[in-house]
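Presented below is the structure to which this report refers.
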Amino acid sequence: MKISAAQLLCCRCKAVAASYTLIVFSIVLLLLALTATVAAGDDKTLNVCIPQHTAQNALLSQLANTISHHKPDKNSHIRLQAVQLANIDQILFTDNPFKGNQANQTLSPELRDRAVQEHCDYILVVAIPDVSTARSPQPNVASPNVQSTTNTYDPYMRRQDPENYVRVKYQLYARDPAKPPVEGFVTTHDAAPYQAVVAQALDLLGNQVFAKLAK
């Protein structure tokens, strides 16, 4: 069967159109890839170092994951990368231990040196979680930051208030030693086992640190 000139021309036109469509599609994909690359290049990463006395701390590992898994902030394009600093003998240096809460605390020289080596932009010092049970009395309305709790395993009290209350304090130090630390805390409570409530508190802490540094 013979193919007419018109049919042959039509086939060629379709082939040319398909080629142009493929070229346009390839260009669109290339532009999208370039846009994504440029956007990623605009992101700024801040290293947040978390010191610990031991080689491995499951709770601090969880905190590090929470901080690092945040996507870059849409406005500032800042993302945080948590870095754990293991085996730090002394984390904080106290000028006068006899002053109690009035004593000035700074990062120890050992921690400062490690922070420089690891290119830390901030150092996050996390206190040991304070776990309490059976809140008594009720929260102080005038000073909501004051957590009035008492540890008790009395069956009656636990039936009245079965929840675990967790408070975790932290200090956020900048790389520049001249800048004062930013202090904060998180609180939460739940009837779940205290380990689970502590994990909830550390997630809140990681979110709070991201909000302070990335916004």
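FYI, nothing fancy with the structure tokens labels: chains A, B, ... in order, residues from 1 per chain, ligands from 1 as they appear.
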Do you know which residues are at most 10 Å from range 179-183 of chain A counting only C-alpha atoms, after dropping those on the same chain fewer than 2 positions away, and could you put them as a PyMOL selection string?
chain A and resi 105-107+122-125+169-177+185+212
I'd like the contact shell of Leu60 in chain A - 10 Å cut-off, only C-alpha atoms, skipping same-chain residues fewer than 3 positions apart - returned as a list in words.
Ile50, Pro51, Gln52, Gln56, Asn57, Leu63, Ala64, Asn65, Thr66, Gln84, Val126, Ala199 and Leu202 of chain A
Record the distance separating CA of Asn47 in chain A and CA of Leu80 in chain A, expressed in Å with one decimal.
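Taking CA of Asn47 in chain A and CA of Leu80 in chain A, their separation equals 6.0 Å.
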At what distance in Å, to one decimal, does CA of Ala55 in chain A lie from CA of Val83 in chain A?
13.0 Å
Which residue gives the smallest distance to Ser108 in chain A among A:Gln90, A:Asn96, A:Ser61, A:Asn207, with only C-alpha atoms counted?
A:Gln90
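Minimum distance to Asp190 in chain A across A:Val166, A:Cys49, A:Ala82, A:Leu111 (counting only C-alpha atoms) occurs at A:Val166.
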Suppose you want the space between CA of Ala127 in chain A and CA of Asn87 in chain A; what is it in Å?
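Computing it gives 16.1 Å between the two atoms.
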Shell of 10 Å around Val168 in chain A, only C-alpha atoms, local chain residues under 3 positions omitted, as a PyMOL selection string
chain A and resi 126-131+184-188+198+201-202+204-205
Write the residues you've just listed into a file as a JSON list (two decimals), in the first residue's frame, and include all heavy atoms for each of them.
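As written to disk, again.json reads:
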[["chain", "number", "residue", "atom", "x", "y", "z"],
["A", 126, "VAL", "N", 21.31, 20.98, 78.97],
["A", 126, "VAL", "CA", 20.02, 20.52, 79.45],
["A", 126, "VAL", "C", 20.18, 19.98, 80.87],
["A", 126, "VAL", "O", 21.06, 19.15, 81.14],
["A", 126, "VAL", "CB", 19.44, 19.42, 78.53],
["A", 126, "VAL", "CG1", 18.07, 18.97, 79.03],
["A", 126, "VAL", "CG2", 19.35, 19.93, 77.10],
["A", 127, "ALA", "N", 19.33, 20.45, 81.76],
["A", 127, "ALA", "CA", 19.37, 19.97, 83.15],
["A", 127, "ALA", "C", 18.69, 18.61, 83.26],
["A", 127, "ALA", "O", 17.94, 18.20, 82.37],
["A", 127, "ALA", "CB", 18.69, 20.98, 84.07],
["A", 128, "ILE", "N", 18.95, 17.93, 84.35],
["A", 128, "ILE", "CA", 18.29, 16.65, 84.61],
["A", 128, "ILE", "C", 16.80, 16.89, 84.78],
["A", 128, "ILE", "O", 16.39, 17.78, 85.54],
["A", 128, "ILE", "CB", 18.88, 15.99, 85.87],
["A", 128, "ILE", "CG1", 20.37, 15.68, 85.65],
["A", 128, "ILE", "CG2", 18.12, 14.71, 86.21],
["A", 128, "ILE", "CD1", 21.05, 15.12, 86.88],
["A", 129, "PRO", "N", 15.94, 16.16, 84.08],
["A", 129, "PRO", "CA", 14.50, 16.38, 84.21],
["A", 129, "PRO", "C", 14.02, 16.23, 85.65],
["A", 129, "PRO", "O", 14.44, 15.32, 86.38],
["A", 129, "PRO", "CB", 13.90, 15.29, 83.31],
["A", 129, "PRO", "CG", 14.98, 14.98, 82.33],
["A", 129, "PRO", "CD", 16.27, 15.13, 83.07],
["A", 130, "ASP", "N", 13.15, 17.13, 86.05],
["A", 130, "ASP", "CA", 12.54, 17.09, 87.38],
["A", 130, "ASP", "C", 11.18, 16.43, 87.25],
["A", 130, "ASP", "O", 10.26, 16.99, 86.64],
["A", 130, "ASP", "CB", 12.40, 18.51, 87.93],
["A", 130, "ASP", "CG", 11.72, 18.54, 89.29],
["A", 130, "ASP", "OD1", 11.71, 17.50, 89.97],
["A", 130, "ASP", "OD2", 11.17, 19.60, 89.65],
["A", 131, "VAL", "N", 11.06, 15.23, 87.79],
["A", 131, "VAL", "CA", 9.82, 14.46, 87.69],
["A", 131, "VAL", "C", 9.12, 14.46, 89.05],
["A", 131, "VAL", "O", 9.72, 14.10, 90.06],
["A", 131, "VAL", "CB", 10.09, 13.01, 87.24],
["A", 131, "VAL", "CG1", 8.78, 12.25, 87.09],
["A", 131, "VAL", "CG2", 10.87, 13.01, 85.92],
["A", 184, "GLY", "N", 15.61, 28.84, 79.66],
["A", 184, "GLY", "CA", 14.23, 28.49, 79.41],
["A", 184, "GLY", "C", 13.88, 27.18, 80.08],
["A", 184, "GLY", "O", 14.72, 26.52, 80.69],
["A", 185, "PHE", "N", 12.63, 26.79, 79.97],
["A", 185, "PHE", "CA", 12.19, 25.52, 80.53],
["A", 185, "PHE", "C", 10.93, 25.08, 79.81],
["A", 185, "PHE", "O", 10.24, 25.88, 79.15],
["A", 185, "PHE", "CB", 11.93, 25.63, 82.04],
["A", 185, "PHE", "CG", 10.74, 26.48, 82.38],
["A", 185, "PHE", "CD1", 9.49, 25.91, 82.55],
["A", 185, "PHE", "CD2", 10.88, 27.85, 82.53],
["A", 185, "PHE", "CE1", 8.39, 26.69, 82.85],
["A", 185, "PHE", "CE2", 9.79, 28.65, 82.85],
["A", 185, "PHE", "CZ", 8.53, 28.06, 83.01],
["A", 186, "VAL", "N", 10.63, 23.82, 79.92],
["A", 186, "VAL", "CA", 9.37, 23.28, 79.41],
["A", 186, "VAL", "C", 8.74, 22.43, 80.51],
["A", 186, "VAL", "O", 9.44, 21.87, 81.36],
["A", 186, "VAL", "CB", 9.57, 22.42, 78.14],
["A", 186, "VAL", "CG1", 10.06, 23.26, 76.99],
["A", 186, "VAL", "CG2", 10.52, 21.27, 78.41],
["A", 187, "THR", "N", 7.44, 22.37, 80.51],
["A", 187, "THR", "CA", 6.72, 21.54, 81.47],
["A", 187, "THR", "C", 5.63, 20.77, 80.74],
["A", 187, "THR", "O", 5.06, 21.26, 79.76],
["A", 187, "THR", "CB", 6.08, 22.37, 82.59],
["A", 187, "THR", "OG1", 5.15, 23.30, 82.00],
["A", 187, "THR", "CG2", 7.12, 23.12, 83.39],
["A", 188, "THR", "N", 5.36, 19.59, 81.22],
["A", 188, "THR", "CA", 4.25, 18.81, 80.69],
["A", 188, "THR", "C", 3.82, 17.80, 81.74],
["A", 188, "THR", "O", 4.55, 17.57, 82.72],
["A", 188, "THR", "CB", 4.64, 18.10, 79.38],
["A", 188, "THR", "OG1", 3.47, 17.50, 78.81],
["A", 188, "THR", "CG2", 5.69, 17.02, 79.63],
["A", 198, "VAL", "N", 8.81, 12.28, 80.16],
["A", 198, "VAL", "CA", 10.09, 12.95, 79.95],
["A", 198, "VAL", "C", 10.37, 13.08, 78.45],
["A", 198, "VAL", "O", 10.84, 14.12, 77.98],
["A", 198, "VAL", "CB", 11.23, 12.19, 80.65],
["A", 198, "VAL", "CG1", 12.59, 12.75, 80.23],
["A", 198, "VAL", "CG2", 11.08, 12.28, 82.16],
["A", 201, "ALA", "N", 8.45, 15.91, 77.10],
["A", 201, "ALA", "CA", 9.04, 17.19, 77.49],
["A", 201, "ALA", "C", 10.23, 17.53, 76.61],
["A", 201, "ALA", "O", 10.41, 18.70, 76.22],
["A", 201, "ALA", "CB", 9.45, 17.15, 78.97],
["A", 202, "LEU", "N", 11.06, 16.54, 76.28],
["A", 202, "LEU", "CA", 12.24, 16.81, 75.46],
["A", 202, "LEU", "C", 11.84, 17.17, 74.03],
["A", 202, "LEU", "O", 12.51, 17.97, 73.38],
["A", 202, "LEU", "CB", 13.17, 15.59, 75.47],
["A", 202, "LEU", "CG", 13.86, 15.33, 76.81],
["A", 202, "LEU", "CD1", 14.70, 14.07, 76.73],
["A", 202, "LEU", "CD2", 14.72, 16.53, 77.23],
["A", 204, "LEU", "N", 9.12, 18.85, 73.32],
["A", 204, "LEU", "CA", 8.72, 20.25, 73.47],
["A", 204, "LEU", "C", 9.95, 21.15, 73.54],
["A", 204, "LEU", "O", 9.96, 22.25, 72.97],
["A", 204, "LEU", "CB", 7.87, 20.42, 74.73],
["A", 204, "LEU", "CG", 6.49, 19.75, 74.73],
["A", 204, "LEU", "CD1", 5.83, 19.89, 76.10],
["A", 204, "LEU", "CD2", 5.60, 20.36, 73.65],
["A", 205, "LEU", "N", 10.97, 20.69, 74.25],
["A", 205, "LEU", "CA", 12.19, 21.48, 74.39],
["A", 205, "LEU", "C", 12.86, 21.68, 73.03],
["A", 205, "LEU", "O", 13.29, 22.79, 72.68],
["A", 205, "LEU", "CB", 13.15, 20.79, 75.36],
["A", 205, "LEU", "CG", 14.29, 21.62, 75.96],
["A", 205, "LEU", "CD1", 14.77, 21.00, 77.27],
["A", 205, "LEU", "CD2", 15.47, 21.72, 75.00]]
